[in-house]
Amino acid sequence: MIVDDAIMEDVGSGDVTGGALPEDLSVRWHIEAQEDGVLSGVGVAEYLLSPYGNDPETSFVEVHRVDGEFVSRGERVISGLLPARRAMMAERTALNFLMHLSGVASLTDQFVRRIEGTSAKIVDTRKTIPLLRGLQKYAVRCGGGHNHRMGLYDGAMLKDNHISAAGSVTKAVETLRTYLSHMTKIEVECETLEQVSEAVKAGVDVVLLDNMDPFMMREAVKAYKGQCLFEASGGINLDTVRGVAQTGVDLISVGLLTHSAPSMNFHMEIA
């Protein structure tokens, strides 16, 4: 499990600094938000800071706020009682997950709020940290966003390099259909209106409008609305996302949700 690997990466053969604390010392601790945002990763923190034993007099953990909730600066998220060495050992790893995943959720929430009132949905991409994809995509959902395909195995997406190698959009789609299951949707990345027309005529499920300006996006959607889903992608940020949503696209994929989200700050305090 990625969380277990993370704690072992930090602890290695043992927490040498923990030797400064008496072995029988227990401490009360809590983690609180240092800024406003949307939570994600509380379950990971709970897992890392849960007691080994079952004696509530010597150790316990309490969750005060859950993933997907908005918290304000100073609010306690999780607290408990643990042996001091154990609390200090797990602190940084728990905070690292909580800070990163809540950062992803909080940024997603900002994008979702920017397009309120439109029919578009915010979706993520495969631009994720290796081995953290499942957690990052979970964080996107915590922020109100939606998941694109999880990987290469659950959705066919013909990108520019596929099309170049195959020779055309039509040839790529036709070849793909010779072995693809009827249950798998096909998406094609298009850079021009001519490619959009070709993809729609080929009967694809989703057309990705790649790096098009809003005027071109609107034209594509107006011409073929109802014949497929339209996804906008390419350098979309908080300043431009509403304009993109107003073109009528169904989906807006944003890579920076996972590859560039700033961490949300938390800290652990010992009572």
# chains A, B, ... in the order shown; residues from 1 in each chain; ligands from 1

$ closest_atom_pairs --of "segment 95-151 of chain A" --to "segment 245-252 of chain A" --cutoff "10 Å" --atoms "only C-alpha atoms" --output "CSV"
residue,atom,partner,partner_atom,distance
A:Phe111,CA,A:Ile252,CA,9.9
A:Arg114,CA,A:Ala245,CA,9.2
A:Ile115,CA,A:Ala245,CA,6.4
A:Glu116,CA,A:Ala245,CA,9.3
A:Gly117,CA,A:Gln246,CA,9.4
A:Thr118,CA,A:Ala245,CA,6.4
A:Ser119,CA,A:Asp250,CA,6.5
A:Ala120,CA,A:Asp250,CA,4.6
A:Lys121,CA,A:Leu251,CA,4.9
A:Ile122,CA,A:Ile252,CA,5.0
A:Val123,CA,A:Ile252,CA,5.9
A:Asp124,CA,A:Ile252,CA,8.4
A:His146,CA,A:Leu251,CA,9.3
A:His148,CA,A:Leu251,CA,9.4

$ residues_around --residues "Gly226 of chain A" --least-positions-apart "4" --cutoff "12 Å" --atoms "only C-alpha atoms" --output "VMD selection string"
chain A and resid 200 203 205 to 207 220 to 222 230 248 to 250

$ residues_around --residues "segment 40-44 of chain A" --least-positions-apart "2" --cutoff "7 Å" --atoms "only C-alpha atoms" --output "list in words"
Val38, Glu46, Tyr47, Leu48, Val66, Asp67, Gly68, Ala94, Phe97, Leu98, Leu101, Ser102, Ala105, Ala139 and Cys142 of chain A

$ select_by_dssp --residues "segment 54-201 of chain A" --states "alpha helix (DSSP H)" --output "PyMOL selection string"
chain A and resi 84-114+133-142+160-166+169-177+193-201

$ residues_around --residues "Val104 of chain A" --least-positions-apart "2" --cutoff "8 Å" --atoms "only C-alpha atoms" --output "PyMOL selection string"
chain A and resi 100-102+106-108+136+139-140+143+257-258+261-263

$ write_last_selection --atoms "N, CA and C atoms" --output "PDB file, in the first residue's frame"
ATOM      1  N   HIS A 100      -1.279  17.675   0.643  1.00  0.00           N
ATOM      2  CA  HIS A 100      -1.325  17.559  -0.818  1.00  0.00           C
ATOM      3  C   HIS A 100      -2.741  17.275  -1.318  1.00  0.00           C
ATOM      4  N   LEU A 101      -3.399  16.282  -0.725  1.00  0.00           N
ATOM      5  CA  LEU A 101      -4.723  15.899  -1.208  1.00  0.00           C
ATOM      6  C   LEU A 101      -5.751  16.999  -0.958  1.00  0.00           C
ATOM      7  N   SER A 102      -5.654  17.690   0.157  1.00  0.00           N
ATOM      8  CA  SER A 102      -6.566  18.806   0.412  1.00  0.00           C
ATOM      9  C   SER A 102      -6.275  19.963  -0.542  1.00  0.00           C
ATOM     10  N   SER A 106      -9.094  21.453  -2.856  1.00  0.00           N
ATOM     11  CA  SER A 106      -9.395  22.884  -2.746  1.00  0.00           C
ATOM     12  C   SER A 106      -9.296  23.582  -4.090  1.00  0.00           C
ATOM     13  N   LEU A 107      -8.287  23.223  -4.886  1.00  0.00           N
ATOM     14  CA  LEU A 107      -8.162  23.826  -6.208  1.00  0.00           C
ATOM     15  C   LEU A 107      -9.312  23.384  -7.108  1.00  0.00           C
ATOM     16  N   THR A 108      -9.674  22.115  -7.020  1.00  0.00           N
ATOM     17  CA  THR A 108     -10.815  21.623  -7.787  1.00  0.00           C
ATOM     18  C   THR A 108     -12.077  22.394  -7.425  1.00  0.00           C
ATOM     19  N   GLN A 136      -5.117  11.023  -5.812  1.00  0.00           N
ATOM     20  CA  GLN A 136      -5.321  12.344  -6.397  1.00  0.00           C
ATOM     21  C   GLN A 136      -6.682  12.459  -7.068  1.00  0.00           C
ATOM     22  N   ALA A 139      -9.233  12.881  -4.491  1.00  0.00           N
ATOM     23  CA  ALA A 139      -9.237  14.262  -3.997  1.00  0.00           C
ATOM     24  C   ALA A 139     -10.006  15.185  -4.938  1.00  0.00           C
ATOM     25  N   VAL A 140      -9.893  14.935  -6.243  1.00  0.00           N
ATOM     26  CA  VAL A 140     -10.664  15.720  -7.217  1.00  0.00           C
ATOM     27  C   VAL A 140     -12.157  15.559  -6.945  1.00  0.00           C
ATOM     28  N   GLY A 143     -13.387  17.559  -4.099  1.00  0.00           N
ATOM     29  CA  GLY A 143     -13.544  18.966  -4.431  1.00  0.00           C
ATOM     30  C   GLY A 143     -14.714  19.258  -5.349  1.00  0.00           C
ATOM     31  N   LEU A 257      -5.005  20.500 -11.860  1.00  0.00           N
ATOM     32  CA  LEU A 257      -5.660  20.034 -10.638  1.00  0.00           C
ATOM     33  C   LEU A 257      -4.764  19.080  -9.874  1.00  0.00           C
ATOM     34  N   THR A 258      -4.059  18.228 -10.607  1.00  0.00           N
ATOM     35  CA  THR A 258      -3.229  17.213  -9.970  1.00  0.00           C
ATOM     36  C   THR A 258      -1.737  17.477 -10.105  1.00  0.00           C
ATOM     37  N   ALA A 261      -1.328  21.636  -8.129  1.00  0.00           N
ATOM     38  CA  ALA A 261      -2.123  22.159  -7.011  1.00  0.00           C
ATOM     39  C   ALA A 261      -1.215  22.521  -5.833  1.00  0.00           C
ATOM     40  N   PRO A 262      -1.338  23.734  -5.287  1.00  0.00           N
ATOM     41  CA  PRO A 262      -0.559  24.083  -4.102  1.00  0.00           C
ATOM     42  C   PRO A 262      -1.085  23.348  -2.876  1.00  0.00           C
ATOM     43  N   SER A 263      -0.201  22.991  -1.988  1.00  0.00           N
ATOM     44  CA  SER A 263      -0.619  22.292  -0.770  1.00  0.00           C
ATOM     45  C   SER A 263      -1.446  23.204   0.117  1.00  0.00           C
TER      46      SER A 263
END

$ select_by_dssp --residues "segment 26-270 of chain A" --states "strand (DSSP E or B)" --output "MDAnalysis selection string"
chainID A and resid 26:33 37:38 60:63 70:71 76:83 121:123 146 156:158 186:190 206:210 225 228:233 251:253 266:270

$ closest_residue --among "A:Val71, A:Leu25, A:Val173, A:Met8" --to "Met264 of chain A" --atoms "only C-alpha atoms"
A:Val71

$ atom_distance --atom1 "atom CA of Gly234 of chain A" --atom2 "atom CA of Arg126 of chain A"
13.3 Å

$ atom_distance --atom1 "atom CA of Met157 of chain A" --atom2 "atom CA of Lys201 of chain A"
16.5 Å

$ closest_residue --among "A:Met99, A:Ala87, A:Leu39, A:Ile7" --to "Phe266 of chain A" --atoms "only C-alpha atoms"
A:Met99

$ atom_distance --atom1 "atom CA of Leu238 of chain A" --atom2 "atom CA of Gly145 of chain A"
14.1 Å

$ closest_residue --among "A:Thr93, A:Ser26, A:Ser197, A:Gln34" --to "Leu49 of chain A" --atoms "only C-alpha atoms"
A:Thr93

$ closest_residue --among "A:Ile31, A:Leu132, A:Ile236, A:Ala45" --to "Ser79 of chain A" --atoms "only C-alpha atoms"
A:Ile31
